[in-house]
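Novice: The structure follows.
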Amino acid sequence: MNRLLSYLQRRSTGKAVLAFFIPAMTVYFVMMLYTIPQVEAHAQGMKIFDLSPLGYSFEYANKLLLTLGEEGRQSYMYRQLPLDFLYPGLFAISCTLLLTWLFLKSREASSKVFYLCLVPAFAGLFDYLENLCIFSILWTYPTLSKTSIALASTMTIEKSTLTTCFFVLLLWGIASLFFRRRDK
């Protein structure tokens, strides 16, 4: 693990962060402004799986899939999910590098705080697992399994929790940097 952290510390430069952050945000905004609204247009006000941070029940999932209809499910599977298979990796790399870069500005390289830089990597992992579950659900519809819905919901909750943790860490890193510079 120390080798991984050392590697991240060597690679986390402002240019490296931007090299992954710009594509990550580009994909994110395309999803938020184009593909997700396309899917949501079929959902009649229901939140899609990806945007349900507290998870969803079997009943909710069934109702959402029915409400989406064939066109909405196709849009979800063939427009939204392909982009959402790009985003988690870009998010994981850019945000892991960002936290590492920020923490290097205010901490010693040997600090245990660098383990927290891996939070976005785990968020990305759970996002991939969520996407695989959602793809499986859409692929097998109308056959639904309570287990597959519960698993997808759990992945969504884990992704959302870890993403929230990343933003808390980001704010903490920025505040630490600000106070360190102010005190000098």
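Here's how to read the names in the structure tokens: chain A, B, ... by the order shown, residue numbers from 1 in each chain, ligand numbers from 1 in the order shown.
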What's around Thr154 of chain A at 10 Å? Count only C-alpha atoms, leave out sequence neighbours fewer than 6 positions away in its own chain, and write the answer as a PDB file with C-alpha atoms, in the first residue's frame.

Specialist:
ATOM      1  CA  PRO A  53     -28.272   8.066  -3.109  1.00  0.00           C
ATOM      2  CA  LEU A  54     -30.396   6.397  -0.434  1.00  0.00           C
ATOM      3  CA  GLY A  55     -31.049   3.366  -2.608  1.00  0.00           C
ATOM      4  CA  TYR A  56     -34.320   1.936  -3.829  1.00  0.00           C
ATOM      5  CA  PHE A 126     -18.645   1.009  -6.483  1.00  0.00           C
ATOM      6  CA  LEU A 129     -20.335  -2.243  -9.747  1.00  0.00           C
ATOM      7  CA  GLU A 130     -23.538  -0.188  -9.681  1.00  0.00           C
ATOM      8  CA  SER A 148     -30.151  -8.095  -8.063  1.00  0.00           C
ATOM      9  CA  SER A 160     -22.973   7.883  -2.949  1.00  0.00           C
TER      10      SER A 160
END

Novice: Mind dumping a table of every segment 55-93 of chain A residue within 8 Å of segment 12-30 of chain A, with the nearest atom pair and its distance in Å to one decimal, using only C-alpha atoms, sorted by chain and rising number, as CSV?

Specialist:
residue,atom,partner,partner_atom,distance
A:Leu83,CA,A:Val27,CA,6.7
A:Leu86,CA,A:Val27,CA,7.6
A:Tyr87,CA,A:Ala24,CA,5.9
A:Leu90,CA,A:Ala24,CA,5.0
A:Phe91,CA,A:Ala24,CA,5.7
A:Ile93,CA,A:Phe20,CA,6.8

Novice: Include C-alpha atoms and write out the residues we just selected as a PDB file, in the first residue's frame.

Specialist:
ATOM      1  CA  LEU A  83     -20.882   7.235 -20.702  1.00  0.00           C
ATOM      2  CA  LEU A  86     -16.171   6.096 -18.747  1.00  0.00           C
ATOM      3  CA  TYR A  87     -16.898   8.425 -15.850  1.00  0.00           C
ATOM      4  CA  LEU A  90     -11.906   9.317 -14.810  1.00  0.00           C
ATOM      5  CA  PHE A  91     -13.445  10.409 -11.498  1.00  0.00           C
ATOM      6  CA  ILE A  93      -8.084   8.873 -11.088  1.00  0.00           C
TER       7      ILE A  93
END

Novice: Measuring atom to atom with only C-alpha atoms, identify which of A:Lys105, A:Asp50, A:Leu81, A:Leu68 is nearest to Phe179 of chain A.

Specialist: A:Lys105

Novice: Can you list, as a list in words, every protein, DNA or RNA residue that comes within 6 Å of segment 37-49 of chain A when you count only C-alpha atoms, leaving out same-chain residues fewer than 6 positions away?

Specialist: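 Contacts, with the query itself left out: Thr67, Leu68, Gly72, Ser75 and Tyr76 of chain A.
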
Novice: Select, from A:Ile157, A:Leu98, A:Leu8, A:Leu144, the residue with the minimum atom-to-atom distance to Glu59 of chain A, counting only C-alpha atoms.

Specialist: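 The closest residue to Glu59 of chain A is A:Leu144.
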
Novice: If we count only C-alpha atoms and set the cut-off at 12 Å, which residues sit around Ser111 of chain A, ignoring sequence neighbours fewer than 6 positions away in its own chain? Please answer as a list in words.

Specialist: Asn2, Leu5, Ser6, Gln9, Thr100, Phe103, Leu104 and Cys117 of chain A

Novice: Name the residues in contact with Leu162 of chain A at a cut-off of 12 Å, using only C-alpha atoms, excluding same-chain residues fewer than 5 positions from it; report them as a ChimeraX atom specification.

Specialist: /A:53,92,95,116-127,155-157,167-169

Novice: For Phe178 of chain A, which residue out of A:Val113, A:Cys133, A:Leu102, A:Met32 is the nearest one, using only C-alpha atoms?

Specialist: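 Counting only C-alpha atoms, the residue closest to Phe178 of chain A is A:Leu102.
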